[in-house]
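Written out below as structure tokens is the structure these notes cover.
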Amino acid sequence: MMVEFIEQDSGNQLTVSASEFLKADKNQEEYASLAMATDAYSALFGIEYIIPRNEYDAVKSWLGKTGTVIFQVCDARYGNDRWCEVYVLRGARLRKVIYSLDDMGREIAINVNPTPEPTPKTTAAKNKVGR
């Protein structure tokens, strides 16, 4: 699993390309590697975050074949609380997938795409059955 740590004006981010992120869908070692990367990244900022499977699936539902997954640790407006948000960047469109509903990180939303793009294997299987 190849990941990249980027320092931005908006904060430090952990980024993963779509192709790398999707490797973890069927390969348990790749998923464990992604989990370790998110754990190490969040630990740098004093929080615990390891991407759970339901959040992985939500991100995957928006990702498609191209794009970038962005993990970003956010700070509460008041106090010292922190949490990790996850975004998907496809072209010029940035979509919030895992994010706080307030500015304190107390209520986290998981945004799942109701109509995800079919994977190439799913399309091939549908075509095979239709013959």
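Within each chain, counting starts at residue 1; across the structure tokens, chains are named A, B, ... in the order shown, with ligands numbered 1 upward in that order.
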
Could you name the residues that touch A:Leu34 at 8 Å or less, counting only C-alpha atoms, but leaving out those on the same chain fewer than 5 positions away, as a count of residues only? 4

Nearby residues (only C-alpha atoms) at most 12 Å from A:Asp57, same-chain spacing under 2 positions excluded, as an mmCIF file with N, CA and C atoms, in the first residue's frame:
```cif
data_model
loop_
_atom_site.group_PDB
_atom_site.id
_atom_site.type_symbol
_atom_site.label_atom_id
_atom_site.label_comp_id
_atom_site.auth_asym_id
_atom_site.auth_seq_id
_atom_site.Cartn_x
_atom_site.Cartn_y
_atom_site.Cartn_z
ATOM 1 N N PHE A 21 -5.978 2.334 -2.945
ATOM 2 C CA PHE A 21 -7.056 2.163 -1.979
ATOM 3 C C PHE A 21 -7.903 0.939 -2.320
ATOM 4 N N LEU A 22 -8.189 0.746 -3.593
ATOM 5 C CA LEU A 22 -9.046 -0.359 -4.017
ATOM 6 C C LEU A 22 -8.373 -1.726 -3.888
ATOM 7 N N ALA A 24 -7.160 -2.844 -1.305
ATOM 8 C CA ALA A 24 -7.538 -3.345 0.026
ATOM 9 C C ALA A 24 -8.919 -3.983 0.040
ATOM 10 N N ASP A 25 -9.664 -3.856 -1.047
ATOM 11 C CA ASP A 25 -11.020 -4.405 -1.077
ATOM 12 C C ASP A 25 -11.019 -5.928 -1.015
ATOM 13 N N LYS A 26 -10.147 -6.559 -1.753
ATOM 14 C CA LYS A 26 -10.123 -8.023 -1.828
ATOM 15 C C LYS A 26 -8.891 -8.650 -1.168
ATOM 16 N N TYR A 31 -5.501 -4.358 3.131
ATOM 17 C CA TYR A 31 -6.397 -3.679 4.081
ATOM 18 C C TYR A 31 -5.675 -3.425 5.407
ATOM 19 N N ILE A 51 -9.139 2.983 10.058
ATOM 20 C CA ILE A 51 -10.328 2.956 9.209
ATOM 21 C C ILE A 51 -11.089 1.636 9.373
ATOM 22 N N PRO A 52 -12.332 1.712 9.854
ATOM 23 C CA PRO A 52 -13.138 0.490 9.964
ATOM 24 C C PRO A 52 -13.727 0.105 8.602
ATOM 25 N N ARG A 53 -14.142 -1.129 8.480
ATOM 26 C CA ARG A 53 -14.623 -1.649 7.193
ATOM 27 C C ARG A 53 -15.825 -0.858 6.661
ATOM 28 N N ASN A 54 -16.761 -0.454 7.534
ATOM 29 C CA ASN A 54 -17.930 0.281 7.043
ATOM 30 C C ASN A 54 -17.530 1.640 6.454
ATOM 31 N N GLU A 55 -16.520 2.289 7.018
ATOM 32 C CA GLU A 55 -16.041 3.551 6.461
ATOM 33 C C GLU A 55 -15.265 3.309 5.168
ATOM 34 N N VAL A 59 -16.240 5.037 1.521
ATOM 35 C CA VAL A 59 -15.276 5.741 0.670
ATOM 36 C C VAL A 59 -15.235 5.080 -0.706
ATOM 37 N N LYS A 60 -15.168 3.761 -0.726
ATOM 38 C CA LYS A 60 -15.121 3.022 -1.990
ATOM 39 C C LYS A 60 -16.346 3.316 -2.854
ATOM 40 N N SER A 61 -17.494 3.527 -2.237
ATOM 41 C CA SER A 61 -18.723 3.773 -2.997
ATOM 42 C C SER A 61 -18.652 5.079 -3.802
ATOM 43 N N TRP A 62 -17.842 6.035 -3.371
ATOM 44 C CA TRP A 62 -17.695 7.314 -4.083
ATOM 45 C C TRP A 62 -16.474 7.354 -4.982
ATOM 46 N N LEU A 63 -15.549 6.436 -4.814
ATOM 47 C CA LEU A 63 -14.232 6.556 -5.438
ATOM 48 C C LEU A 63 -14.216 6.249 -6.922
ATOM 49 N N GLY A 64 -14.824 5.176 -7.369
ATOM 50 C CA GLY A 64 -14.690 4.786 -8.770
ATOM 51 C C GLY A 64 -13.288 4.288 -9.042
ATOM 52 N N VAL A 97 -16.925 12.337 2.844
ATOM 53 C CA VAL A 97 -17.456 10.989 3.025
ATOM 54 C C VAL A 97 -17.610 10.677 4.510
ATOM 55 N N ILE A 98 -16.577 10.894 5.291
ATOM 56 C CA ILE A 98 -16.632 10.719 6.740
ATOM 57 C C ILE A 98 -16.324 12.100 7.324
ATOM 58 N N ILE A 110 -21.428 9.344 8.073
ATOM 59 C CA ILE A 110 -20.841 8.489 7.051
ATOM 60 C C ILE A 110 -21.737 8.599 5.823
ATOM 61 N N ASN A 111 -21.197 9.176 4.759
ATOM 62 C CA ASN A 111 -21.931 9.434 3.529
ATOM 63 C C ASN A 111 -21.666 8.298 2.538
ATOM 64 N N VAL A 112 -22.678 7.475 2.280
ATOM 65 C CA VAL A 112 -22.548 6.355 1.343
ATOM 66 C C VAL A 112 -23.248 6.722 0.042
ATOM 67 N N ASN A 113 -22.593 6.468 -1.065
ATOM 68 C CA ASN A 113 -23.162 6.747 -2.379
ATOM 69 C C ASN A 113 -24.323 5.777 -2.636
ATOM 70 N N PRO A 114 -25.544 6.293 -2.864
ATOM 71 C CA PRO A 114 -26.675 5.393 -3.104
ATOM 72 C C PRO A 114 -26.609 4.690 -4.456
ATOM 73 N N PRO A 116 -23.443 3.636 -6.416
ATOM 74 C CA PRO A 116 -22.007 3.541 -6.719
ATOM 75 C C PRO A 116 -21.766 3.013 -8.127
#
```

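Backbone DSSP of stretch 35-84 of chain A yields strand (DSSP E) at Thr68, Val69, Ile70, Phe71, Gln72, Val73, Cys74, Asp75, Arg82, Trp83 and Cys84 of chain A.
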
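Pairwise distance (atom CA of A:Glu48, atom CA of A:Arg90) equals 27.2 Å.
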
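Remark: for A:Glu7, the closest of the candidate residues A:Ile50, A:Thr66, A:Asn80, A:Phe71 is A:Phe71 (distances computed over only C-alpha atoms).
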
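With only C-alpha atoms as the atoms that count, the residue of A:Leu44, A:Met104, A:Leu89, A:Ala109 with the shortest distance to A:Arg77 is A:Met104.
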
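The nearest approach to A:Glu4 among the residues A:Ile70, A:Asp103, A:Tyr56, A:Glu30, with only C-alpha atoms taken into account, belongs to A:Ile70.
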
Excluding A:Ser10 and residues on its chain fewer than 3 positions from it, collect all residues at most 10 Å away from it, counting only C-alpha atoms, and give them as a ChimeraX atom specification. /A:7,13,72,74

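Taking only C-alpha atoms, the non-local environment of A:Gly67 within 9 Å (same-chain residues fewer than 5 positions away omitted) comprises Val16, Ser17, Ala18, Ser19, Val88, Leu89, Arg90 and Gly91 of chain A.
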
Residue subset to file, keeping C-alpha atoms, as an mmCIF file, in the first residue's frame:
```cif
data_model
loop_
_atom_site.group_PDB
_atom_site.id
_atom_site.type_symbol
_atom_site.label_atom_id
_atom_site.label_comp_id
_atom_site.auth_asym_id
_atom_site.auth_seq_id
_atom_site.Cartn_x
_atom_site.Cartn_y
_atom_site.Cartn_z
ATOM 1 C CA VAL A 16 -4.066 7.363 -1.162
ATOM 2 C CA SER A 17 -4.652 6.940 -4.897
ATOM 3 C CA ALA A 18 -7.796 5.126 -6.008
ATOM 4 C CA SER A 19 -5.815 2.192 -7.394
ATOM 5 C CA VAL A 88 -12.743 11.673 -2.024
ATOM 6 C CA LEU A 89 -11.290 13.885 -4.750
ATOM 7 C CA ARG A 90 -12.405 13.017 -8.300
ATOM 8 C CA GLY A 91 -11.384 15.554 -10.905
#
```

What parts of stretch 4-114 of chain A does DSSP call helix (DSSP H, G or I)? I'd like the answer as a PDB file with N, CA and C atoms, in the first residue's frame.
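What landed in selection.pdb:
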```
ATOM      1  N   ALA A  18      -6.677   6.067  -5.873  1.00  0.00           N
ATOM      2  CA  ALA A  18      -7.796   5.126  -6.008  1.00  0.00           C
ATOM      3  C   ALA A  18      -7.295   3.707  -6.229  1.00  0.00           C
ATOM      4  N   SER A  19      -6.306   3.543  -7.097  1.00  0.00           N
ATOM      5  CA  SER A  19      -5.815   2.192  -7.394  1.00  0.00           C
ATOM      6  C   SER A  19      -5.230   1.526  -6.151  1.00  0.00           C
ATOM      7  N   GLU A  20      -4.503   2.279  -5.338  1.00  0.00           N
ATOM      8  CA  GLU A  20      -3.938   1.716  -4.106  1.00  0.00           C
ATOM      9  C   GLU A  20      -5.032   1.417  -3.084  1.00  0.00           C
ATOM     10  N   PHE A  21      -5.978   2.334  -2.945  1.00  0.00           N
ATOM     11  CA  PHE A  21      -7.056   2.163  -1.979  1.00  0.00           C
ATOM     12  C   PHE A  21      -7.903   0.939  -2.320  1.00  0.00           C
ATOM     13  N   LEU A  22      -8.189   0.746  -3.593  1.00  0.00           N
ATOM     14  CA  LEU A  22      -9.046  -0.359  -4.017  1.00  0.00           C
ATOM     15  C   LEU A  22      -8.373  -1.726  -3.888  1.00  0.00           C
ATOM     16  N   LYS A  23      -7.051  -1.758  -3.798  1.00  0.00           N
ATOM     17  CA  LYS A  23      -6.343  -3.024  -3.567  1.00  0.00           C
ATOM     18  C   LYS A  23      -6.796  -3.672  -2.264  1.00  0.00           C
ATOM     19  N   GLN A  28      -6.620  -8.900   2.157  1.00  0.00           N
ATOM     20  CA  GLN A  28      -6.576  -8.619   3.597  1.00  0.00           C
ATOM     21  C   GLN A  28      -5.256  -7.974   4.021  1.00  0.00           C
ATOM     22  N   GLU A  29      -4.145  -8.355   3.391  1.00  0.00           N
ATOM     23  CA  GLU A  29      -2.853  -7.743   3.724  1.00  0.00           C
ATOM     24  C   GLU A  29      -2.835  -6.267   3.341  1.00  0.00           C
ATOM     25  N   GLU A  30      -3.421  -5.938   2.197  1.00  0.00           N
ATOM     26  CA  GLU A  30      -3.496  -4.538   1.772  1.00  0.00           C
ATOM     27  C   GLU A  30      -4.402  -3.736   2.708  1.00  0.00           C
ATOM     28  N   TYR A  31      -5.501  -4.358   3.131  1.00  0.00           N
ATOM     29  CA  TYR A  31      -6.397  -3.679   4.081  1.00  0.00           C
ATOM     30  C   TYR A  31      -5.675  -3.425   5.407  1.00  0.00           C
ATOM     31  N   ALA A  32      -4.920  -4.414   5.866  1.00  0.00           N
ATOM     32  CA  ALA A  32      -4.150  -4.247   7.110  1.00  0.00           C
ATOM     33  C   ALA A  32      -3.109  -3.142   6.951  1.00  0.00           C
ATOM     34  N   SER A  33      -2.516  -3.058   5.779  1.00  0.00           N
ATOM     35  CA  SER A  33      -1.532  -2.006   5.511  1.00  0.00           C
ATOM     36  C   SER A  33      -2.188  -0.622   5.535  1.00  0.00           C
ATOM     37  N   LEU A  34      -3.380  -0.515   4.951  1.00  0.00           N
ATOM     38  CA  LEU A  34      -4.126   0.745   4.983  1.00  0.00           C
ATOM     39  C   LEU A  34      -4.497   1.102   6.424  1.00  0.00           C
ATOM     40  N   ALA A  35      -4.935   0.116   7.183  1.00  0.00           N
ATOM     41  CA  ALA A  35      -5.290   0.345   8.588  1.00  0.00           C
ATOM     42  C   ALA A  35      -4.076   0.840   9.378  1.00  0.00           C
ATOM     43  N   MET A  36      -2.913   0.248   9.128  1.00  0.00           N
ATOM     44  CA  MET A  36      -1.685   0.683   9.817  1.00  0.00           C
ATOM     45  C   MET A  36      -1.318   2.105   9.423  1.00  0.00           C
ATOM     46  N   ALA A  37      -1.503   2.443   8.148  1.00  0.00           N
ATOM     47  CA  ALA A  37      -1.178   3.796   7.679  1.00  0.00           C
ATOM     48  C   ALA A  37      -2.079   4.830   8.338  1.00  0.00           C
ATOM     49  N   THR A  38      -3.385   4.538   8.435  1.00  0.00           N
ATOM     50  CA  THR A  38      -4.295   5.491   9.072  1.00  0.00           C
ATOM     51  C   THR A  38      -4.018   5.597  10.573  1.00  0.00           C
ATOM     52  N   ASP A  39      -3.630   4.488  11.181  1.00  0.00           N
ATOM     53  CA  ASP A  39      -3.284   4.492  12.605  1.00  0.00           C
ATOM     54  C   ASP A  39      -2.037   5.342  12.850  1.00  0.00           C
ATOM     55  N   ALA A  40      -1.003   5.140  12.042  1.00  0.00           N
ATOM     56  CA  ALA A  40       0.242   5.902  12.203  1.00  0.00           C
ATOM     57  C   ALA A  40       0.015   7.390  11.955  1.00  0.00           C
ATOM     58  N   TYR A  41      -0.755   7.708  10.913  1.00  0.00           N
ATOM     59  CA  TYR A  41      -1.050   9.109  10.592  1.00  0.00           C
ATOM     60  C   TYR A  41      -1.782   9.782  11.751  1.00  0.00           C
ATOM     61  N   SER A  42      -2.845   9.159  12.240  1.00  0.00           N
ATOM     62  CA  SER A  42      -3.624   9.782  13.315  1.00  0.00           C
ATOM     63  C   SER A  42      -2.818   9.885  14.609  1.00  0.00           C
ATOM     64  N   ALA A  43      -1.952   8.914  14.859  1.00  0.00           N
ATOM     65  CA  ALA A  43      -1.130   8.939  16.076  1.00  0.00           C
ATOM     66  C   ALA A  43      -0.185  10.152  16.090  1.00  0.00           C
ATOM     67  N   ARG A  53     -14.142  -1.129   8.480  1.00  0.00           N
ATOM     68  CA  ARG A  53     -14.623  -1.649   7.193  1.00  0.00           C
ATOM     69  C   ARG A  53     -15.825  -0.858   6.661  1.00  0.00           C
ATOM     70  N   ASN A  54     -16.761  -0.454   7.534  1.00  0.00           N
ATOM     71  CA  ASN A  54     -17.930   0.281   7.043  1.00  0.00           C
ATOM     72  C   ASN A  54     -17.530   1.640   6.454  1.00  0.00           C
ATOM     73  N   GLU A  55     -16.520   2.289   7.018  1.00  0.00           N
ATOM     74  CA  GLU A  55     -16.041   3.551   6.461  1.00  0.00           C
ATOM     75  C   GLU A  55     -15.265   3.309   5.168  1.00  0.00           C
ATOM     76  N   TYR A  56     -14.503   2.224   5.120  1.00  0.00           N
ATOM     77  CA  TYR A  56     -13.800   1.860   3.881  1.00  0.00           C
ATOM     78  C   TYR A  56     -14.817   1.694   2.745  1.00  0.00           C
ATOM     79  N   ASP A  57     -15.892   0.955   3.025  1.00  0.00           N
ATOM     80  CA  ASP A  57     -16.920   0.709   2.006  1.00  0.00           C
ATOM     81  C   ASP A  57     -17.610   2.000   1.567  1.00  0.00           C
ATOM     82  N   ALA A  58     -17.833   2.921   2.495  1.00  0.00           N
ATOM     83  CA  ALA A  58     -18.442   4.212   2.151  1.00  0.00           C
ATOM     84  C   ALA A  58     -17.520   5.002   1.218  1.00  0.00           C
ATOM     85  N   VAL A  59     -16.240   5.037   1.521  1.00  0.00           N
ATOM     86  CA  VAL A  59     -15.276   5.741   0.670  1.00  0.00           C
ATOM     87  C   VAL A  59     -15.235   5.080  -0.706  1.00  0.00           C
ATOM     88  N   LYS A  60     -15.168   3.761  -0.726  1.00  0.00           N
ATOM     89  CA  LYS A  60     -15.121   3.022  -1.990  1.00  0.00           C
ATOM     90  C   LYS A  60     -16.346   3.316  -2.854  1.00  0.00           C
ATOM     91  N   SER A  61     -17.494   3.527  -2.237  1.00  0.00           N
ATOM     92  CA  SER A  61     -18.723   3.773  -2.997  1.00  0.00           C
ATOM     93  C   SER A  61     -18.652   5.079  -3.802  1.00  0.00           C
ATOM     94  N   TRP A  62     -17.842   6.035  -3.371  1.00  0.00           N
ATOM     95  CA  TRP A  62     -17.695   7.314  -4.083  1.00  0.00           C
ATOM     96  C   TRP A  62     -16.474   7.354  -4.982  1.00  0.00           C
ATOM     97  N   LEU A  63     -15.549   6.436  -4.814  1.00  0.00           N
ATOM     98  CA  LEU A  63     -14.232   6.556  -5.438  1.00  0.00           C
ATOM     99  C   LEU A  63     -14.216   6.249  -6.922  1.00  0.00           C
TER     100      LEU A  63
END
```

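Of the listed residues A:Arg106, A:Ile6, A:Tyr99, A:Tyr49, the one whose atoms come nearest to A:Glu85 is A:Tyr99, with distances taken using only C-alpha atoms.
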
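For A:Asp75, the list of residues within 10 Å, based on only C-alpha atoms and with local chain neighbours fewer than 5 positions off taken out, reads Gly11, Phe45, Asn80, Asp81, Arg82, Trp83, Cys84, Asp103, Met104 and Gly105 of chain A.
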